[in-house]
Amino acid sequence: KYAVQNLSRMCLRINFGVEFNLSLKEPQFNGIGEIENINKIELNDVWHNLNVNYELTPKCSIWYFPIETISGSESGIERTYQGLCLLFLWHIELAGSEKDSFDIKATFL
């Protein structure tokens, strides 16, 4: 659970994000992208027989992209997949002294 409070008198418009880096491969997220207005996401790593489920309150956007290392070899530059980055992102607007909270529940099966 996360809480954000505007301690000023002015209206505050911000993006609040929480990042998770996972060492798994999910074909649905095999690249760079965004999913908007979502409150649940399920990841299935068949290779490791692992399911990761996130419940998000309130709904948010998710930015995702691969984590890669880059190295030089005889055949040139190579990219090696290391994992998946998920950024849960809320666009919030808080009046002076207003606060808001965000909840992320993760389940690993």
# chains A, B, ... in the order shown; residues from 1 in each chain; ligands from 1
$ residues_around --residues "A:Tyr54" --least-positions-apart "3" --cutoff "12 Å" --atoms "only C-alpha atoms" --output "VMD selection string"
chain A and resid 20 38 to 44 51 57 59 to 60 62 86 to 88 103 to 109
$ select_by_dssp --residues "stretch 4-105 of chain A" --states "strand (DSSP E)" --output "MDAnalysis selection string"
chainID A and resid 4:5 12:22 33:45 50:73 76:94 99:105
$ closest_residue --among "A:Phe16, A:Trp47, A:Trp63, A:Trp90" --to "A:Gly33" --atoms "only C-alpha atoms"
A:Trp63
$ atom_distance --atom1 "atom CA of A:Leu89" --atom2 "atom CA of A:Glu36"
9.2 Å
$ residues_around --residues "A:Arg79" --least-positions-apart "6" --cutoff "7 Å" --atoms "only C-alpha atoms" --output "MDAnalysis selection string"
chainID A and resid 68:71
$ write_last_selection --atoms "C-alpha atoms" --output "CSV table (one decimal), in the first residue's frame"
chain,number,residue,atom,x,y,z
A,68,GLU,CA,18.6,-6.6,-21.4
A,69,THR,CA,22.3,-6.7,-21.3
A,70,ILE,CA,24.3,-5.7,-24.3
A,71,SER,CA,27.7,-7.2,-25.1
$ atom_distance --atom1 "atom CA of A:Ser61" --atom2 "atom CA of A:Ser8"
26.1 Å
$ closest_residue --among "A:Leu24, A:Ile77, A:Val4, A:Ile14" --to "A:His91" --atoms "only C-alpha atoms"
A:Ile14
$ atom_distance --atom1 "atom CA of A:Gly17" --atom2 "atom CA of A:Asn30"
21.0 Å
$ closest_residue --among "A:Gln5, A:Gln82, A:Ser101, A:Ser23" --to "A:Val52" --atoms "only C-alpha atoms"
A:Ser23
$ residues_around --residues "A:Leu12" --least-positions-apart "3" --cutoff "10 Å" --atoms "only C-alpha atoms" --output "number ranges by chain"
A: 5-9, 15, 92-98
$ write_last_selection --atoms "N, CA and C atoms" --output "PDB file, in the first residue's frame"
ATOM      1  N   GLN A   5       0.634  12.393  -0.309  1.00  0.00           N
ATOM      2  CA  GLN A   5      -0.066  13.565   0.207  1.00  0.00           C
ATOM      3  C   GLN A   5       0.570  14.822  -0.348  1.00  0.00           C
ATOM      4  N   ASN A   6      -0.274  15.749  -0.773  1.00  0.00           N
ATOM      5  CA  ASN A   6       0.180  17.055  -1.239  1.00  0.00           C
ATOM      6  C   ASN A   6       0.308  17.961  -0.018  1.00  0.00           C
ATOM      7  N   LEU A   7       1.524  18.316   0.340  1.00  0.00           N
ATOM      8  CA  LEU A   7       1.753  19.151   1.520  1.00  0.00           C
ATOM      9  C   LEU A   7       1.717  20.641   1.203  1.00  0.00           C
ATOM     10  N   SER A   8       1.504  20.981  -0.059  1.00  0.00           N
ATOM     11  CA  SER A   8       1.443  22.395  -0.434  1.00  0.00           C
ATOM     12  C   SER A   8      -0.011  22.858  -0.505  1.00  0.00           C
ATOM     13  N   ARG A   9      -0.195  24.131  -0.837  1.00  0.00           N
ATOM     14  CA  ARG A   9      -1.540  24.684  -1.014  1.00  0.00           C
ATOM     15  C   ARG A   9      -1.976  24.639  -2.470  1.00  0.00           C
ATOM     16  N   ASN A  15       2.553  12.003 -11.959  1.00  0.00           N
ATOM     17  CA  ASN A  15       2.487  10.573 -12.236  1.00  0.00           C
ATOM     18  C   ASN A  15       3.188   9.878 -11.079  1.00  0.00           C
ATOM     19  N   ILE A  92      -2.299  11.273 -11.154  1.00  0.00           N
ATOM     20  CA  ILE A  92      -3.107  11.790 -10.046  1.00  0.00           C
ATOM     21  C   ILE A  92      -3.087  13.310 -10.007  1.00  0.00           C
ATOM     22  N   GLU A  93      -4.152  13.837  -9.435  1.00  0.00           N
ATOM     23  CA  GLU A  93      -4.286  15.275  -9.216  1.00  0.00           C
ATOM     24  C   GLU A  93      -4.756  15.459  -7.782  1.00  0.00           C
ATOM     25  N   LEU A  94      -3.962  16.202  -7.004  1.00  0.00           N
ATOM     26  CA  LEU A  94      -4.272  16.415  -5.597  1.00  0.00           C
ATOM     27  C   LEU A  94      -4.377  17.902  -5.307  1.00  0.00           C
ATOM     28  N   ALA A  95      -5.479  18.321  -4.722  1.00  0.00           N
ATOM     29  CA  ALA A  95      -5.613  19.702  -4.255  1.00  0.00           C
ATOM     30  C   ALA A  95      -4.717  19.865  -3.023  1.00  0.00           C
ATOM     31  N   GLY A  96      -4.560  21.102  -2.560  1.00  0.00           N
ATOM     32  CA  GLY A  96      -3.732  21.355  -1.386  1.00  0.00           C
ATOM     33  C   GLY A  96      -4.160  20.512  -0.195  1.00  0.00           C
ATOM     34  N   SER A  97      -3.211  19.881   0.461  1.00  0.00           N
ATOM     35  CA  SER A  97      -3.393  19.026   1.644  1.00  0.00           C
ATOM     36  C   SER A  97      -4.160  17.729   1.372  1.00  0.00           C
ATOM     37  N   GLU A  98      -4.532  17.481   0.140  1.00  0.00           N
ATOM     38  CA  GLU A  98      -5.268  16.254  -0.187  1.00  0.00           C
ATOM     39  C   GLU A  98      -4.307  15.067  -0.264  1.00  0.00           C
TER      40      GLU A  98
END
$ closest_residue --among "A:Phe102, A:Tyr2, A:Tyr81, A:Phe29" --to "A:Leu56" --atoms "only C-alpha atoms"
A:Phe102
$ closest_residue --among "A:Pro58, A:Gln28, A:Ile35, A:Cys11" --to "A:Asp100" --atoms "only C-alpha atoms"
A:Pro58
